[in-house]
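Peer 1: File name entry-v1.cif; file contents mmCIF, C-alpha atoms (C1' of nucleotides); full text below.
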```cif
data_start
loop_
_atom_site.label_atom_id
_atom_site.label_comp_id
_atom_site.auth_asym_id
_atom_site.auth_seq_id
_atom_site.Cartn_x
_atom_site.Cartn_y
_atom_site.Cartn_z
CA MET Z 726 108.00 77.87 79.83
CA LEU Z 727 110.32 80.76 79.47
CA THR Z 728 113.16 80.76 81.97
CA LEU Z 729 114.26 84.15 83.16
CA THR Z 730 117.90 85.03 83.46
CA PRO Z 731 118.93 86.98 86.57
CA ALA Z 732 119.15 90.16 84.53
CA MET Z 733 115.63 89.72 83.24
CA GLN Z 734 114.27 88.97 86.68
CA LYS Z 735 115.91 91.99 88.19
CA PHE Z 736 114.56 94.20 85.47
CA ILE Z 737 111.01 92.87 85.67
CA LEU Z 738 110.84 93.26 89.42
CA HIS Z 739 112.19 96.78 89.29
CA TRP Z 740 109.89 97.79 86.50
CA GLY Z 741 106.92 96.53 88.48
CA GLU Z 742 108.08 98.57 91.42
CA MET Z 743 108.47 101.69 89.29
CA GLY Z 744 105.05 101.23 87.79
CA ASP Z 745 103.67 101.06 91.28
CA ARG Z 746 105.24 104.37 92.22
CA TRP Z 747 103.74 106.04 89.18
CA GLY Z 748 100.27 104.71 89.67
CA VAL Z 749 100.46 101.70 87.39
CA ASN Z 750 99.38 98.32 88.67
CA ARG Z 751 102.38 96.20 89.60
CA SER Z 752 101.27 93.14 87.65
CA VAL Z 753 100.53 95.24 84.61
CA ALA Z 754 103.99 96.77 84.71
CA GLN Z 755 105.66 93.41 85.22
CA ILE Z 756 103.86 91.87 82.28
CA HIS Z 757 104.82 94.80 80.14
CA ALA Z 758 108.45 94.45 81.21
CA LEU Z 759 108.39 90.77 80.34
CA LEU Z 760 106.88 91.30 76.92
CA TYR Z 761 109.30 94.10 76.25
CA ILE Z 762 112.47 92.13 76.92
CA ALA Z 763 111.10 88.88 75.57
CA GLY Z 764 111.16 90.48 72.15
CA GLN Z 765 108.79 87.84 70.84
CA PRO Z 766 105.06 87.27 71.21
CA LEU Z 767 104.07 85.29 74.29
CA SER Z 768 100.80 83.59 75.12
CA ALA Z 769 98.82 84.48 78.23
CA GLU Z 770 99.64 81.05 79.55
CA GLU Z 771 103.36 81.50 79.17
CA ILE Z 772 103.18 84.86 80.88
CA ALA Z 773 101.22 83.45 83.79
CA GLU Z 774 103.70 80.63 84.27
CA THR Z 775 106.79 82.75 83.87
CA LEU Z 776 105.67 85.36 86.35
CA SER Z 777 103.72 82.84 88.43
CA MET Z 778 100.50 84.78 88.55
CA ALA Z 779 96.91 83.71 87.96
CA ARG Z 780 95.74 83.51 84.36
CA SER Z 781 92.72 85.66 85.09
CA ASN Z 782 95.06 88.26 86.36
CA VAL Z 783 97.14 88.08 83.22
CA SER Z 784 94.00 88.37 81.13
CA THR Z 785 92.82 91.59 82.73
CA SER Z 786 96.30 93.08 82.85
CA ILE Z 787 96.83 92.42 79.18
CA ARG Z 788 93.52 93.98 78.36
CA GLU Z 789 94.68 97.06 80.19
CA LEU Z 790 97.99 97.14 78.34
CA ILE Z 791 96.12 96.87 75.06
CA GLY Z 792 93.93 99.71 76.26
CA TRP Z 793 97.06 101.79 76.71
CA GLY Z 794 98.02 100.86 73.19
CA ILE Z 795 101.44 99.55 74.12
CA VAL Z 796 100.77 95.84 73.71
CA ARG Z 797 99.01 94.21 70.84
CA PRO Z 798 97.65 90.75 70.12
CA VAL Z 799 99.44 88.73 67.49
CA LEU Z 800 97.67 85.90 65.75
CA LYS Z 801 99.98 83.21 64.48
CA VAL Z 802 98.89 81.24 61.49
CA GLY Z 803 97.73 77.76 62.34
CA GLU Z 804 97.58 78.62 66.03
CA ARG Z 805 94.38 79.35 67.81
CA LYS Z 806 96.12 80.58 70.91
CA GLU Z 807 96.56 84.30 71.02
CA HIS Z 808 99.99 85.77 71.58
CA PHE Z 809 100.98 89.24 72.70
CA GLU Z 810 103.90 91.49 72.03
CA ALA Z 811 104.95 94.88 73.35
CA LEU Z 812 105.92 97.87 71.26
CA ALA Z 813 109.60 97.61 70.48
CA ASP Z 814 110.24 101.36 70.58
CA PRO Z 815 110.37 102.85 74.09
CA TRP Z 816 109.74 106.35 72.74
CA GLU Z 817 106.62 105.19 71.05
CA THR Z 818 105.60 103.51 74.28
CA LEU Z 819 106.18 106.62 76.35
CA ASP Z 820 104.27 108.60 73.79
CA ARG Z 821 101.18 106.44 74.06
CA VAL Z 822 101.28 106.42 77.82
CA LEU Z 823 101.57 110.18 78.01
CA GLN Z 824 98.73 110.52 75.57
CA LYS Z 825 96.45 108.35 77.67
CA ARG Z 826 97.34 109.97 80.92
CA ARG Z 827 96.60 113.35 79.39
CA GLU Z 828 93.15 112.18 78.45
CA ARG Z 829 92.42 110.46 81.70
CA GLU Z 830 93.93 112.81 84.22
CA ILE Z 831 95.16 116.13 82.91
CA GLU Z 832 92.10 117.03 80.88
CA PRO Z 833 89.54 116.15 83.57
CA THR Z 834 91.58 118.16 86.04
CA ILE Z 835 91.57 121.16 83.74
CA ARG Z 836 87.80 120.87 83.42
CA LEU Z 837 87.36 120.60 87.16
CA LEU Z 838 89.57 123.63 87.71
CA ALA Z 839 87.43 125.59 85.30
CA GLU Z 840 84.36 124.68 87.31
CA CYS Z 841 86.02 125.67 90.55
CA ILE Z 842 87.14 128.98 89.10
CA GLU Z 843 83.61 129.67 87.93
CA SER Z 844 82.10 128.95 91.27
CA ALA Z 845 84.81 130.87 93.08
CA LYS Z 846 84.11 133.91 90.99
CA ASP Z 847 80.36 133.64 91.45
CA ASN Z 848 80.67 133.37 95.17
CA PRO Z 849 81.13 136.90 96.56
CA LYS Z 850 82.37 135.57 99.87
CA GLU Z 851 85.23 133.79 98.22
CA ASP Z 852 88.60 135.45 98.51
CA LYS Z 853 89.69 136.65 95.13
CA HIS Z 854 93.11 135.08 95.44
CA VAL Z 855 91.54 131.63 95.43
CA ALA Z 856 90.35 132.12 91.88
CA MET Z 857 93.73 133.55 90.97
CA ARG Z 858 95.63 130.60 92.32
CA LEU Z 859 93.32 128.16 90.64
CA GLU Z 860 93.76 130.03 87.41
CA SER Z 861 97.51 129.94 87.49
CA LEU Z 862 97.40 126.25 88.24
CA ARG Z 863 95.10 125.71 85.31
CA ASP Z 864 97.45 127.69 83.11
CA LEU Z 865 100.29 125.45 84.15
CA LEU Z 866 98.35 122.36 83.20
CA ILE Z 867 97.27 123.79 79.88
CA GLN Z 868 100.77 124.88 79.01
CA GLY Z 869 102.43 121.71 80.24
CA ASP Z 870 99.89 119.77 78.28
CA ALA Z 871 100.78 121.74 75.17
CA VAL Z 872 104.50 121.18 75.72
CA VAL Z 873 103.99 117.45 75.93
CA ALA Z 874 101.72 117.53 72.91
CA ALA Z 875 104.35 119.46 70.96
CA MET Z 876 107.06 117.06 72.02
CA ARG Z 877 105.00 114.09 70.92
CA LYS Z 878 104.94 115.39 67.39
CA LEU Z 879 108.70 115.55 67.10
CA PRO Z 880 110.44 112.53 65.64
CA SER Z 881 112.36 110.71 68.33
CA GLU Z 882 115.75 111.44 66.77
CA ALA Z 883 114.94 115.11 67.09
CA ILE Z 884 114.99 114.86 70.83
CA GLY Z 885 118.70 114.21 70.84
CA ARG Z 886 119.17 117.36 68.82
CA LEU Z 887 116.90 119.27 71.13
CA ILE Z 888 119.27 118.59 73.96
CA LYS Z 889 122.36 119.47 72.01
CA ALA Z 890 120.71 122.56 70.65
CA GLY Z 891 120.21 123.83 74.17
CA SER Z 892 122.07 127.07 73.69
CA LYS Z 893 120.52 127.86 70.33
CA LEU Z 894 117.15 127.09 71.75
CA LYS Z 895 117.74 129.46 74.59
CA ASP Z 896 118.61 132.21 72.12
CA LEU Z 897 115.51 131.47 70.14
CA LEU Z 898 113.32 131.63 73.16
CA THR Z 899 114.92 134.63 74.73
CA ALA Z 900 114.64 136.60 71.52
CA ARG Z 901 111.38 138.33 70.99
CA MET E 238 89.22 127.12 111.95
CA LEU E 239 89.27 127.77 108.30
CA THR E 240 85.99 127.11 106.54
CA LEU E 241 86.24 125.73 103.06
CA THR E 242 84.04 127.02 100.29
CA PRO E 243 82.56 124.43 97.93
CA ALA E 244 85.10 125.32 95.27
CA MET E 245 87.97 124.80 97.68
CA GLN E 246 86.60 121.50 98.87
CA LYS E 247 86.13 120.21 95.37
CA PHE E 248 89.64 121.21 94.43
CA ILE E 249 91.25 119.68 97.51
CA LEU E 250 89.48 116.38 97.07
CA HIS E 251 90.34 116.17 93.42
CA TRP E 252 93.94 117.09 94.02
CA GLY E 253 94.22 114.35 96.60
CA GLU E 254 92.80 111.91 94.11
CA MET E 255 95.23 113.01 91.43
CA GLY E 256 98.15 112.71 93.81
CA ASP E 257 97.06 109.19 94.52
CA ARG E 258 97.09 108.26 90.87
CA TRP E 259 100.59 109.60 90.44
CA GLY E 260 102.00 107.84 93.47
CA VAL E 261 101.68 110.65 95.98
CA ASN E 262 100.02 109.96 99.29
CA ARG E 263 96.46 111.28 99.33
CA SER E 264 96.82 113.19 102.60
CA VAL E 265 100.04 114.75 101.44
CA ALA E 266 98.42 115.95 98.24
CA GLN E 267 95.37 117.28 100.08
CA ILE E 268 97.47 119.24 102.51
CA HIS E 269 99.44 120.68 99.66
CA ALA E 270 96.23 121.66 97.88
CA LEU E 271 94.97 123.36 101.00
CA LEU E 272 98.14 125.31 101.59
CA TYR E 273 98.26 126.29 97.95
CA ILE E 274 94.80 127.82 97.79
CA ALA E 275 94.87 129.15 101.31
CA GLY E 276 97.51 131.58 100.15
CA GLN E 277 98.54 132.23 103.72
CA PRO E 278 100.57 130.26 106.24
CA LEU E 279 98.56 127.76 108.28
CA SER E 280 99.48 125.93 111.46
CA ALA E 281 99.51 122.16 111.66
CA GLU E 282 96.55 122.39 113.98
CA GLU E 283 94.48 124.42 111.56
CA ILE E 284 95.29 121.99 108.78
CA ALA E 285 94.30 119.01 110.90
CA GLU E 286 90.99 120.60 111.83
CA THR E 287 90.17 121.87 108.38
CA LEU E 288 90.79 118.55 106.69
CA SER E 289 89.72 116.58 109.77
CA MET E 290 92.75 114.37 109.93
CA ALA E 291 94.97 113.35 112.83
CA ARG E 292 97.67 115.77 113.88
CA SER E 293 100.31 113.09 113.78
CA ASN E 294 99.33 112.50 110.21
CA VAL E 295 99.60 116.18 109.37
CA SER E 296 102.99 116.31 111.00
CA THR E 297 104.49 113.54 108.91
CA SER E 298 102.81 114.71 105.73
CA ILE E 299 104.18 118.20 106.16
CA ARG E 300 107.62 116.84 106.74
CA GLU E 301 107.30 115.05 103.44
CA LEU E 302 106.17 118.18 101.63
CA ILE E 303 109.11 120.05 103.09
CA GLY E 304 111.31 117.21 101.87
CA TRP E 305 109.96 117.81 98.38
CA GLY E 306 110.84 121.45 98.81
CA ILE E 307 107.37 122.71 97.95
CA VAL E 308 106.23 123.74 101.42
CA ARG E 309 108.24 125.71 103.90
CA PRO E 310 107.86 126.57 107.56
CA VAL E 311 107.13 130.19 108.37
CA LEU E 312 107.92 131.58 111.79
CA LYS E 313 105.77 134.46 112.81
CA VAL E 314 107.20 136.99 115.22
CA GLY E 315 105.76 136.70 118.68
CA GLU E 316 104.25 133.30 117.86
CA ARG E 317 105.83 130.08 118.91
CA LYS E 318 103.51 128.01 116.80
CA GLU E 319 104.96 127.08 113.46
CA HIS E 320 103.05 127.88 110.29
CA PHE E 321 103.44 126.47 106.81
CA GLU E 322 102.97 127.83 103.35
CA ALA E 323 103.17 126.33 99.87
CA LEU E 324 105.14 127.72 96.98
CA ALA E 325 102.98 130.24 95.20
CA ASP E 326 104.34 129.44 91.73
CA PRO E 327 103.02 126.20 90.23
CA TRP E 328 105.90 126.05 87.75
CA GLU E 329 108.37 126.23 90.55
CA THR E 330 106.44 123.52 92.33
CA LEU E 331 106.41 121.23 89.33
CA ASP E 332 110.09 121.88 88.88
CA ARG E 333 110.95 120.75 92.38
CA VAL E 334 108.78 117.68 92.15
CA LEU E 335 110.32 116.62 88.85
CA GLN E 336 113.75 117.17 90.29
CA LYS E 337 113.08 114.91 93.24
CA ARG E 338 111.45 112.20 91.22
CA ARG E 339 114.45 112.20 88.93
CA GLU E 340 116.73 111.60 91.89
CA ARG E 341 114.55 109.02 93.52
CA GLU E 342 113.27 107.04 90.58
CA ILE E 343 114.81 107.81 87.23
CA GLU E 344 118.43 107.76 88.30
CA PRO E 345 118.20 104.53 90.30
CA THR E 346 116.45 102.93 87.35
CA ILE E 347 119.22 104.00 85.01
CA ARG E 348 121.76 102.50 87.37
CA LEU E 349 119.83 99.26 87.62
CA LEU E 350 119.54 99.06 83.86
CA ALA E 351 123.29 99.47 83.57
CA GLU E 352 123.77 96.55 85.93
CA CYS E 353 121.33 94.40 84.01
CA ILE E 354 123.01 95.26 80.73
CA GLU E 355 126.37 94.31 82.18
CA SER E 356 125.17 91.00 83.45
CA ALA E 357 123.27 90.29 80.23
CA LYS E 358 126.41 90.86 78.22
CA ASP E 359 128.53 88.71 80.53
CA ASN E 360 126.12 85.84 80.36
CA PRO E 361 126.78 83.95 77.12
CA LYS E 362 123.44 82.18 77.34
CA GLU E 363 121.55 85.43 77.31
CA ASP E 364 119.96 86.40 74.04
CA LYS E 365 121.72 89.40 72.63
CA HIS E 366 118.46 91.24 71.99
CA VAL E 367 117.83 91.43 75.72
CA ALA E 368 120.85 93.65 76.17
CA MET E 369 119.79 95.66 73.15
CA ARG E 370 116.31 96.28 74.44
CA LEU E 371 117.59 97.22 77.86
CA GLU E 372 120.03 99.60 76.24
CA SER E 373 117.43 101.39 74.21
CA LEU E 374 115.28 101.73 77.28
CA ARG E 375 118.20 103.17 79.18
CA ASP E 376 118.81 105.60 76.35
CA LEU E 377 115.23 106.74 76.57
CA LEU E 378 115.54 107.43 80.25
CA ILE E 379 118.82 109.27 79.86
CA GLN E 380 117.49 111.39 77.06
CA GLY E 381 114.15 112.05 78.68
CA ASP E 382 115.99 112.95 81.80
CA ALA E 383 118.09 115.41 79.85
CA VAL E 384 115.03 116.93 78.23
CA VAL E 385 113.43 117.54 81.58
CA ALA E 386 116.68 118.91 82.94
CA ALA E 387 116.94 121.29 79.99
CA MET E 388 113.37 122.39 80.42
CA ARG E 389 113.92 123.09 84.07
CA LYS E 390 116.56 125.63 83.25
CA LEU E 391 114.29 127.65 81.03
CA PRO E 392 112.45 130.55 82.60
CA SER E 393 108.78 129.75 82.88
CA GLU E 394 107.75 132.51 80.49
CA ALA E 395 109.89 130.83 77.88
CA ILE E 396 107.65 127.82 77.87
CA GLY E 397 104.86 129.80 76.32
CA ARG E 398 107.22 130.87 73.57
CA LEU E 399 108.35 127.30 73.12
CA ILE E 400 104.86 126.32 72.21
CA LYS E 401 104.34 129.22 69.86
CA ALA E 402 107.74 128.70 68.32
CA GLY E 403 106.72 125.22 67.29
CA SER E 404 107.39 125.64 63.62
CA LYS E 405 110.69 127.44 64.06
CA LEU E 406 111.72 124.80 66.51
CA LYS E 407 110.94 122.10 64.04
CA ASP E 408 113.11 123.83 61.44
CA LEU E 409 115.91 124.13 63.91
CA LEU E 410 115.75 120.50 64.81
CA THR E 411 115.32 119.20 61.32
CA ALA E 412 118.31 121.18 60.10
CA ARG E 413 121.64 119.55 60.56
"C1'" DT W 881 78.66 67.86 72.12
"C1'" DG W 882 83.04 68.37 74.04
"C1'" DC W 883 87.34 70.73 74.32
"C1'" DG W 884 90.48 74.59 74.23
"C1'" DT W 885 90.78 79.36 75.07
"C1'" DG W 886 89.64 83.82 76.84
"C1'" DT W 887 86.72 86.88 79.79
"C1'" DT W 888 83.97 88.24 83.62
"C1'" DT W 889 82.55 88.01 88.15
"C1'" DC W 890 82.90 86.86 92.82
"C1'" DT W 891 85.15 86.15 97.07
"C1'" DC W 892 89.10 86.37 100.00
"C1'" DT W 893 93.33 88.35 101.25
"C1'" DT W 894 96.58 91.71 101.70
"C1'" DC W 895 98.47 96.12 102.52
"C1'" DA W 896 98.81 101.01 102.61
"C1'" DG W 897 97.40 104.53 105.22
"C1'" DA W 898 94.65 106.89 108.70
"C1'" DC W 899 93.70 107.15 113.54
"C1'" DA W 900 94.46 107.50 118.53
"C1'" DG W 901 97.40 107.88 122.00
"C1'" DA W 902 101.69 107.75 124.41
"C1'" DA W 903 106.40 108.88 124.94
"C1'" DC W 904 109.76 112.04 124.06
"C1'" DA W 905 112.10 116.38 122.89
"C1'" DA W 906 112.53 121.18 122.68
"C1'" DT W 907 111.45 125.72 124.02
"C1'" DC W 908 109.83 129.31 126.68
"C1'" DA W 909 107.50 131.64 130.82
"C1'" DG W 910 107.25 132.20 135.42
"C1'" DC V 1236 113.55 124.22 138.29
"C1'" DT V 1237 108.84 123.45 137.02
"C1'" DG V 1238 105.08 123.40 134.14
"C1'" DA V 1239 102.89 124.63 129.82
"C1'" DT V 1240 103.00 124.66 124.87
"C1'" DT V 1241 104.24 122.74 120.63
"C1'" DG V 1242 106.12 119.35 117.59
"C1'" DT V 1243 107.93 114.74 116.35
"C1'" DT V 1244 108.00 109.86 116.38
"C1'" DC V 1245 106.64 105.67 117.91
"C1'" DT V 1246 103.20 102.04 119.04
"C1'" DG V 1247 99.17 99.18 117.97
"C1'" DT V 1248 94.71 98.99 115.70
"C1'" DC V 1249 91.40 99.37 112.13
"C1'" DT V 1250 89.38 100.13 107.66
"C1'" DG V 1251 88.92 100.50 102.73
"C1'" DA V 1252 90.61 99.82 98.42
"C1'" DA V 1253 93.36 97.18 95.40
"C1'" DG V 1254 94.70 92.96 93.82
"C1'" DA V 1255 95.10 87.88 93.50
"C1'" DG V 1256 92.91 83.64 92.73
"C1'" DA V 1257 89.05 80.45 91.61
"C1'" DA V 1258 85.09 79.42 89.48
"C1'" DA V 1259 81.57 80.38 86.39
"C1'" DC V 1260 80.61 81.89 81.98
"C1'" DA V 1261 81.05 82.72 76.88
"C1'" DC V 1262 82.72 81.69 72.56
"C1'" DG V 1263 84.39 79.22 68.63
"C1'" DC V 1264 85.96 75.23 66.52
"C1'" DA V 1265 86.35 70.29 65.45
#
```
Please re-express this file's structure in structure tokens.
Peer 2:
Amino acid sequence: MLTLTPAMQKFILHWGEMGDRWGVNRSVAQIHALLYIAGQPLSAEEIAETLSMARSNVSTSIRELIGWGIVRPVLKVGERKEHFEALADPWETLDRVLQKRREREIEPTIRLLAECIESAKDNPKEDKHVAMRLESLRDLLIQGDAVVAAMRKLPSEAIGRLIKAGSKLKDLLTAR
Amino acid sequence: MLTLTPAMQKFILHWGEMGDRWGVNRSVAQIHALLYIAGQPLSAEEIAETLSMARSNVSTSIRELIGWGIVRPVLKVGERKEHFEALADPWETLDRVLQKRREREIEPTIRLLAECIESAKDNPKEDKHVAMRLESLRDLLIQGDAVVAAMRKLPSEAIGRLIKAGSKLKDLLTAR
DNA sequence: TGCGTGTTTCTCTTCAGACAGAACAATCAG
DNA sequence: CTGATTGTTCTGTCTGAAGAGAAACACGCA
């Protein structure tokens, strides 16, 4: 069984806590943290022991992480037991998570807003500002969505430049 | 008491649900949704009745929203009763929320990572890749943080241009 | 057939959060 | 000063949803 150094423990606990605050199951986040710093594939059994949680729990959590696309099964030759490893690149990881949350939350919300706007416009009793507010909220989501989508396409090294290029960028954007 | 049209109801419920998934208390999110579409200041009493929740609950939730800086008290002349209104601009709202979450979650995490990196480097038994992984995660947070900070400074109309300027932007970033 | 491994389902527990109500504070009117 | 109005902050209680664990189930391999 893998023994955790104090640094690793601290990190795993904190990461679980952070996940919780952003709507990610605590166990799922902890397992991800473990796989990330382990830097080598671990079996479900090892994970369960190391974090002292039930194997069934590990099983479902891992399935979820695979669903997010940030953990993948690794089959070792000569071993029947399945091992799992996390993406090594945090940018890549963030990218996948953002992608999924767009699909699961942003897009449905945009659709729902469209419905509400429709029905608000059809209803003559409805104050007109309701539709307006809903529309500007929808615009925000659509635009924010596009920003994230645009960002995802950039290579991760470009981000560093983006920050440094702040002033140039401002010129570019302010110019017509 | 304010009567909610079907569109308003649907929106408020969904918004509460979304808040929940992103780590915001459901009541808090619902109240914010209500104030946002109401488009006029409401008293705590009206809110409690409209959403049928306890007044004490409304009181604490509103205090939280004020803490986020996205709802503010409005004092009407000749009225002792306090009213509340939400920011009308969704971009502004998003901005404030991102700002607060940076303070409350991203920055503490960066600090904790720094501690873990320190202790991982001090500990000779620790695998060196642990420190490396923690470092690249910290870099992600610092950079992401900077990206958001940079974005916050841009006027909201600029965002639209940012999207359209995609190709130019790519040139700019790819160039040395 | 039996064993190792992984998944699904079920039950039980736990915990956040919503409520009611009380106590308290602040403010204003009379 | 007294009482009424309004708001905040506690308390204890309760409920529903999420999560943890255990057991049953499914699968593949020897």
Peer 1: Set the cut-off to 10 Å and count only C-alpha atoms (C1' of nucleotides): what are the residues of chain E that reach chain V? Output as a list in words.
Peer 2: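 Therefore, the residues near the partner are Ala281, Arg292, Ser293, Ser296, Thr297, Arg300, Arg317, Lys318 and Glu319 of chain E.
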Peer 1: Translate the PyMOL selection byres ((chain W) within 12 of (chain Z)) into a concrete residue list for this structure, as a list in words.
Peer 2: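 This file gives the following for the PyMOL selection byres ((chain W) within 12 of (chain Z)): DG884, DT885, DG886, DT887, DT888 and DT889 of chain W.
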Peer 1: Report, in Å with one decimal, the straight-line distance from atom CA of Lys358 of chain E to atom CA of Met733 of chain Z.
Peer 2: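 So the answer is 11.9 Å.
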Peer 1: Enumerate, as a ChimeraX atom specification, the residues matched when the PyMOL selection byres ((chain E) within 6 of (chain Z)) is run on the file above.
Peer 2: /E:244,258-260,274,327,353,357,367,374,395,410
Peer 1: Can you measure atom CA of Gln755 of chain Z to atom CA of Trp305 of chain E for me? One decimal in Å is fine.
Peer 2: 28.1 Å
Peer 1: Please provide the set of residues having any atom within 10 Å of Ile756 of chain Z, restricted to all atoms listed in the file, with same-chain residues fewer than 4 positions apart removed, written as a ChimeraX atom specification.
Peer 2: /Z:737,740-741,751-752,760-761,769,772-773,775-776,783,786-787,790,796,811
Peer 1: Please write the residues picked by the PyMOL selection byres ((chain W and resi 897-908) around 7) on this file as a list in words.
Peer 2: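 After applying the PyMOL selection byres ((chain W and resi 897-908) around 7), what remains is Ala291 of chain E; DA896 and DA909 of chain W.
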Peer 1: Please, what distance in Å, to one decimal, runs between atom CA of Pro766 of chain Z and atom CA of Leu812 of chain Z?
Peer 2: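 Result for atom CA of Pro766 of chain Z versus atom CA of Leu812 of chain Z: 10.6 Å, one decimal.
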